[in-house]
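Scroll down for the structure; my scribbles are underneath it.
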Amino acid sequence: MKKRLASLALLSMLSASTIAANSTFQATVNAISDAAIAQTTALNFGAMQPTLGATCSMDNAGAVSGSCDATNANIAIGLITVSGLTANVPLNVTVQGQPGTNVAFTSEFDVNGAVGVHDNNPDNSTVAVTTNSTGDNLTLDVYGSMEVTTALVPGDTYTANYIVDVSFQ
């Protein structure tokens, strides 16, 4: 009987050791580089009235209205190019106007080249987009309104910044 119990114990130990196994596997990740953001065309409202409170507005077609000279040859929508993107990547895009010396800029923007339509986004809004299946560049059309916050000196040039932020979701 002792021999039989020893045989069962030995068989039990052998069975347990042959059932257990382990292996090593790998986890993989591809590093994504940050996007490059560059100004392709500078935003320019042309000329506007110099009085406090005067506002010049630009629509997404580049037409200006309000206290500005709609015939000014310098009028241009701001064009920003976002490059170095990978296909099918979710991104957040934000454009935020800033106050300048004697003027303040409030942005609106369109995102082009992403999946879906992302037009007429208000200042400082975060827009969720996904790059297209080939990872083409995104372009941002930037427009909005410029307001005189302190009376301007006729003939002088005034600027206000805007911040473009592109981040991964």
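Identifiers for the structure tokens are assigned positionally: chains receive A, B, ... in sequence, residues are indexed from 1 per chain, and ligands are indexed from 1 in the order shown.
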
How close does each residue of range 27-118 of chain A get to range 157-169 of chain A, giving the shortest atom pair and distance in Å to one decimal for every residue with an atom at most 10 Å away, counting only C-alpha atoms, sorted by chain and residue number, as a tab-separated table?
```
residue	atom	partner	partner_atom	distance
A:Ile32	CA	A:Phe168	CA	9.5
A:Asp34	CA	A:Ser167	CA	8.1
A:Ala35	CA	A:Val166	CA	7.4
A:Ala36	CA	A:Val166	CA	9.1
A:Ile37	CA	A:Val164	CA	8.0
A:Ala38	CA	A:Val164	CA	9.7
A:Leu43	CA	A:Tyr162	CA	10.0
A:Asn44	CA	A:Thr159	CA	9.3
A:Gly46	CA	A:Thr157	CA	9.9
A:Ala47	CA	A:Thr157	CA	9.0
A:Ile80	CA	A:Val164	CA	8.6
A:Val82	CA	A:Val166	CA	8.2
A:Val89	CA	A:Phe168	CA	7.8
A:Pro90	CA	A:Gln169	CA	5.7
A:Leu91	CA	A:Phe168	CA	4.5
A:Asn92	CA	A:Ser167	CA	5.3
A:Val93	CA	A:Val166	CA	4.7
A:Thr94	CA	A:Asp165	CA	5.1
A:Val95	CA	A:Val164	CA	4.6
A:Gln96	CA	A:Ile163	CA	5.1
A:Gly97	CA	A:Tyr162	CA	4.2
A:Gln98	CA	A:Asn161	CA	5.3
A:Pro99	CA	A:Ala160	CA	5.5
A:Gly100	CA	A:Ala160	CA	4.0
A:Thr101	CA	A:Tyr158	CA	6.6
A:Asn102	CA	A:Tyr158	CA	7.2
A:Val103	CA	A:Ala160	CA	6.5
A:Ala104	CA	A:Ala160	CA	5.9
A:Phe105	CA	A:Ala160	CA	5.8
A:Thr106	CA	A:Tyr162	CA	8.4
A:Ser107	CA	A:Tyr162	CA	7.6
```

Export of prior selection with N, CA, C and O atoms as a tab-separated table (two decimals), in the first residue's frame:
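Produced file result.tsv, reproduced below:
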```tsv
chain	number	residue	atom	x	y	z
A	32	ILE	N	4.84	58.22	-32.08
A	32	ILE	CA	4.33	59.23	-32.99
A	32	ILE	C	5.08	60.52	-32.70
A	32	ILE	O	5.22	60.93	-31.55
A	34	ASP	N	5.63	64.64	-32.77
A	34	ASP	CA	4.77	65.82	-32.68
A	34	ASP	C	4.55	66.41	-34.07
A	34	ASP	O	5.41	66.33	-34.94
A	35	ALA	N	3.41	66.98	-34.25
A	35	ALA	CA	3.10	67.65	-35.52
A	35	ALA	C	3.92	68.93	-35.64
A	35	ALA	O	4.28	69.55	-34.65
A	36	ALA	N	4.19	69.32	-36.86
A	36	ALA	CA	4.84	70.61	-37.13
A	36	ALA	C	3.75	71.60	-37.55
A	36	ALA	O	2.89	71.27	-38.36
A	37	ILE	N	3.80	72.81	-36.99
A	37	ILE	CA	2.81	73.84	-37.29
A	37	ILE	C	3.54	75.02	-37.91
A	37	ILE	O	4.48	75.54	-37.32
A	38	ALA	N	3.09	75.42	-39.11
A	38	ALA	CA	3.74	76.53	-39.80
A	38	ALA	C	2.70	77.46	-40.42
A	38	ALA	O	1.66	77.01	-40.89
A	43	LEU	N	-2.47	86.18	-41.61
A	43	LEU	CA	-3.80	86.77	-41.50
A	43	LEU	C	-3.67	88.29	-41.55
A	43	LEU	O	-2.86	88.88	-40.81
A	44	ASN	N	-4.45	88.94	-42.43
A	44	ASN	CA	-4.37	90.39	-42.55
A	44	ASN	C	-5.77	90.95	-42.80
A	44	ASN	O	-6.42	90.57	-43.77
A	46	GLY	N	-6.36	94.04	-43.48
A	46	GLY	CA	-6.27	95.23	-44.34
A	46	GLY	C	-6.22	96.48	-43.50
A	46	GLY	O	-5.41	96.60	-42.59
A	47	ALA	N	-7.10	97.44	-43.78
A	47	ALA	CA	-7.15	98.71	-43.06
A	47	ALA	C	-8.50	98.85	-42.37
A	47	ALA	O	-9.52	98.36	-42.86
A	80	ILE	N	-2.70	78.15	-41.90
A	80	ILE	CA	-1.74	77.42	-41.08
A	80	ILE	C	-1.69	75.98	-41.59
A	80	ILE	O	-2.73	75.37	-41.84
A	82	VAL	N	-0.45	72.09	-40.78
A	82	VAL	CA	-0.03	71.16	-39.74
A	82	VAL	C	0.45	69.91	-40.47
A	82	VAL	O	-0.33	69.23	-41.15
A	89	VAL	N	-5.28	59.30	-36.99
A	89	VAL	CA	-4.92	59.66	-35.61
A	89	VAL	C	-5.90	60.72	-35.10
A	89	VAL	O	-6.11	61.74	-35.75
A	90	PRO	N	-6.50	60.51	-33.94
A	90	PRO	CA	-7.38	61.53	-33.35
A	90	PRO	C	-6.56	62.66	-32.73
A	90	PRO	O	-5.62	62.42	-31.99
A	91	LEU	N	-6.94	63.89	-33.08
A	91	LEU	CA	-6.24	65.09	-32.60
A	91	LEU	C	-7.24	66.09	-32.05
A	91	LEU	O	-8.41	66.07	-32.41
A	92	ASN	N	-6.77	66.98	-31.20
A	92	ASN	CA	-7.54	68.15	-30.76
A	92	ASN	C	-6.87	69.38	-31.35
A	92	ASN	O	-5.65	69.52	-31.28
A	93	VAL	N	-7.68	70.26	-31.93
A	93	VAL	CA	-7.17	71.49	-32.53
A	93	VAL	C	-7.87	72.67	-31.85
A	93	VAL	O	-9.09	72.70	-31.73
A	94	THR	N	-7.07	73.65	-31.42
A	94	THR	CA	-7.59	74.85	-30.79
A	94	THR	C	-6.89	76.07	-31.39
A	94	THR	O	-5.68	76.03	-31.61
A	95	VAL	N	-7.66	77.12	-31.65
A	95	VAL	CA	-7.09	78.40	-32.06
A	95	VAL	C	-7.65	79.44	-31.10
A	95	VAL	O	-8.86	79.51	-30.90
A	96	GLN	N	-6.75	80.24	-30.51
A	96	GLN	CA	-7.18	81.23	-29.53
A	96	GLN	C	-6.59	82.59	-29.87
A	96	GLN	O	-5.37	82.76	-29.92
A	97	GLY	N	-7.47	83.57	-30.11
A	97	GLY	CA	-7.04	84.94	-30.35
A	97	GLY	C	-6.53	85.58	-29.08
A	97	GLY	O	-6.89	85.17	-27.97
A	98	GLN	N	-5.69	86.59	-29.24
A	98	GLN	CA	-5.07	87.26	-28.11
A	98	GLN	C	-5.23	88.77	-28.25
A	98	GLN	O	-5.38	89.29	-29.36
A	99	PRO	N	-5.15	89.49	-27.14
A	99	PRO	CA	-5.11	90.96	-27.24
A	99	PRO	C	-3.72	91.39	-27.69
A	99	PRO	O	-2.73	90.74	-27.39
A	100	GLY	N	-3.67	92.47	-28.45
A	100	GLY	CA	-2.40	93.04	-28.88
A	100	GLY	C	-2.31	94.46	-28.35
A	100	GLY	O	-3.05	94.85	-27.44
A	101	THR	N	-1.43	95.23	-28.95
A	101	THR	CA	-1.31	96.63	-28.58
A	101	THR	C	-2.41	97.41	-29.29
A	101	THR	O	-2.42	97.49	-30.51
A	102	ASN	N	-3.37	97.89	-28.55
A	102	ASN	CA	-4.48	98.71	-29.03
A	102	ASN	C	-5.56	97.94	-29.79
A	102	ASN	O	-6.55	98.54	-30.20
A	103	VAL	N	-5.36	96.66	-30.05
A	103	VAL	CA	-6.35	95.84	-30.75
A	103	VAL	C	-6.46	94.48	-30.08
A	103	VAL	O	-5.55	94.05	-29.37
A	104	ALA	N	-7.58	93.80	-30.32
A	104	ALA	CA	-7.76	92.44	-29.81
A	104	ALA	C	-8.33	91.58	-30.94
A	104	ALA	O	-9.21	92.02	-31.67
A	105	PHE	N	-7.81	90.39	-31.07
A	105	PHE	CA	-8.25	89.48	-32.12
A	105	PHE	C	-9.06	88.34	-31.50
A	105	PHE	O	-8.63	87.72	-30.53
A	106	THR	N	-10.23	88.08	-32.05
A	106	THR	CA	-11.06	86.94	-31.67
A	106	THR	C	-11.14	86.04	-32.90
A	106	THR	O	-11.63	86.47	-33.95
A	107	SER	N	-10.66	84.83	-32.77
A	107	SER	CA	-10.54	83.95	-33.93
A	107	SER	C	-11.80	83.15	-34.22
A	107	SER	O	-12.63	82.93	-33.34
```

message: Set the distance at 10 Å and use only C-alpha atoms: which residues neighbour range 55-71 of chain A once local chain neighbours fewer than 4 positions away are removed? I'd like the list as a PyMOL selection string.
response: chain A and resi 43-51+75-78+103-110+119-120+141-149

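Among the candidate residues A:Ala27, A:Val153, A:Leu79, A:Leu85, the one lying nearest to Thr40 in chain A is A:Leu79, with distances computed using only C-alpha atoms.
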
task: Could you tell me, as a ChimeraX atom specification, which residues of range 55-140 of chain A DSSP assigns to strand (DSSP E) when given the backbone?
output: /A:55-58,64-66,78-83,90-97,103-112,118-122,126-130,138-140

Selected residues written out, C-alpha atoms, as an mmCIF file, in the first residue's frame:
```
data_model
loop_
_atom_site.group_PDB
_atom_site.id
_atom_site.type_symbol
_atom_site.label_atom_id
_atom_site.label_comp_id
_atom_site.auth_asym_id
_atom_site.auth_seq_id
_atom_site.Cartn_x
_atom_site.Cartn_y
_atom_site.Cartn_z
ATOM 1 C CA THR A 55 -14.543 96.215 -35.256
ATOM 2 C CA CYS A 56 -13.496 94.594 -38.502
ATOM 3 C CA SER A 57 -14.894 91.120 -39.156
ATOM 4 C CA MET A 58 -13.672 88.550 -41.683
ATOM 5 C CA VAL A 64 -14.400 91.740 -44.473
ATOM 6 C CA SER A 65 -17.196 93.869 -43.073
ATOM 7 C CA GLY A 66 -17.725 96.431 -40.361
ATOM 8 C CA GLY A 78 -4.573 83.193 -42.243
ATOM 9 C CA LEU A 79 -3.484 79.778 -43.493
ATOM 10 C CA ILE A 80 -1.737 77.418 -41.080
ATOM 11 C CA THR A 81 -0.305 74.052 -42.192
ATOM 12 C CA VAL A 82 -0.035 71.157 -39.740
ATOM 13 C CA SER A 83 2.327 68.484 -41.071
ATOM 14 C CA PRO A 90 -7.378 61.529 -33.355
ATOM 15 C CA LEU A 91 -6.239 65.091 -32.600
ATOM 16 C CA ASN A 92 -7.537 68.147 -30.759
ATOM 17 C CA VAL A 93 -7.172 71.493 -32.530
ATOM 18 C CA THR A 94 -7.592 74.852 -30.785
ATOM 19 C CA VAL A 95 -7.089 78.403 -32.061
ATOM 20 C CA GLN A 96 -7.179 81.231 -29.526
ATOM 21 C CA GLY A 97 -7.042 84.936 -30.353
ATOM 22 C CA VAL A 103 -6.355 95.842 -30.754
ATOM 23 C CA ALA A 104 -7.759 92.436 -29.807
ATOM 24 C CA PHE A 105 -8.249 89.476 -32.118
ATOM 25 C CA THR A 106 -11.064 86.942 -31.672
ATOM 26 C CA SER A 107 -10.536 83.955 -33.929
ATOM 27 C CA GLU A 108 -12.748 81.634 -35.903
ATOM 28 C CA PHE A 109 -11.271 78.755 -37.848
ATOM 29 C CA ASP A 110 -11.880 75.877 -40.234
ATOM 30 C CA VAL A 111 -9.945 72.593 -40.189
ATOM 31 C CA ASN A 112 -9.356 71.104 -43.636
ATOM 32 C CA HIS A 118 -14.973 71.219 -39.143
ATOM 33 C CA ASP A 119 -15.954 74.764 -40.192
ATOM 34 C CA ASN A 120 -16.720 78.002 -38.331
ATOM 35 C CA ASN A 121 -15.219 76.957 -35.003
ATOM 36 C CA PRO A 122 -15.326 79.739 -32.396
ATOM 37 C CA THR A 126 -11.224 72.574 -28.915
ATOM 38 C CA VAL A 127 -12.216 70.667 -32.038
ATOM 39 C CA ALA A 128 -11.757 66.893 -32.104
ATOM 40 C CA VAL A 129 -10.620 65.702 -35.541
ATOM 41 C CA THR A 130 -9.160 62.535 -37.033
ATOM 42 C CA LEU A 138 -4.175 69.563 -42.078
ATOM 43 C CA THR A 139 -4.723 73.178 -43.028
ATOM 44 C CA LEU A 140 -6.419 75.717 -40.816
#
```

With only C-alpha atoms as the counted atoms, please give the residues lying no more than 7 Å from Ser133 in chain A, apart from itself and same-chain residues fewer than 2 positions off, as a PDB file with N, CA, C and O atoms, in the first residue's frame.
```
ATOM      1  N   ALA A  87      -1.640  58.605 -40.395  1.00  0.00           N
ATOM      2  CA  ALA A  87      -3.014  58.294 -40.811  1.00  0.00           C
ATOM      3  C   ALA A  87      -3.880  57.878 -39.625  1.00  0.00           C
ATOM      4  O   ALA A  87      -3.412  57.208 -38.702  1.00  0.00           O
ATOM      5  N   ASN A  88      -5.143  58.299 -39.671  1.00  0.00           N
ATOM      6  CA  ASN A  88      -6.189  57.869 -38.731  1.00  0.00           C
ATOM      7  C   ASN A  88      -5.875  58.147 -37.263  1.00  0.00           C
ATOM      8  O   ASN A  88      -6.173  57.331 -36.398  1.00  0.00           O
ATOM      9  N   THR A 131      -7.177  62.478 -38.430  1.00  0.00           N
ATOM     10  CA  THR A 131      -6.469  62.607 -39.701  1.00  0.00           C
ATOM     11  C   THR A 131      -7.045  61.605 -40.694  1.00  0.00           C
ATOM     12  O   THR A 131      -7.603  60.575 -40.303  1.00  0.00           O
ATOM     13  N   GLY A 135      -2.882  60.296 -43.865  1.00  0.00           N
ATOM     14  CA  GLY A 135      -2.098  61.168 -42.995  1.00  0.00           C
ATOM     15  C   GLY A 135      -1.692  62.476 -43.652  1.00  0.00           C
ATOM     16  O   GLY A 135      -0.652  63.042 -43.342  1.00  0.00           O
TER      17      GLY A 135
END
```

query: What is the CA of Gly53 in chain A to CA of Leu152 in chain A distance in Å?
result: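 Atom-to-atom, CA of Gly53 in chain A and CA of Leu152 in chain A are spaced 10.6 Å apart.
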
field: Secondary structure check, alpha helix (DSSP H) residues of range 7-164 of chain A, as a list in words
entry: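 Matching residues, listed in order: Ser7, Leu8, Ala9, Leu10, Leu11, Ser12, Met13, Leu14, Ser15, Ala16, Ser17, Thr18 and Ile19 of chain A.
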
message: One number please: CA of Asn137 in chain A to CA of Ser125 in chain A, in Å, one decimal.
response: 20.6 Å

task: Tell me, in Å to one decimal, how far CA of Asn132 in chain A is from CA of Ala31 in chain A.
output: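 Computing it gives 18.5 Å between the two atoms.
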
Residue with smallest distance to Ala151 in chain A - pool A:Asn124, A:Ala54, A:Asn74, A:Gly84, counting only C-alpha atoms: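 The closest residue to Ala151 in chain A is A:Ala54.
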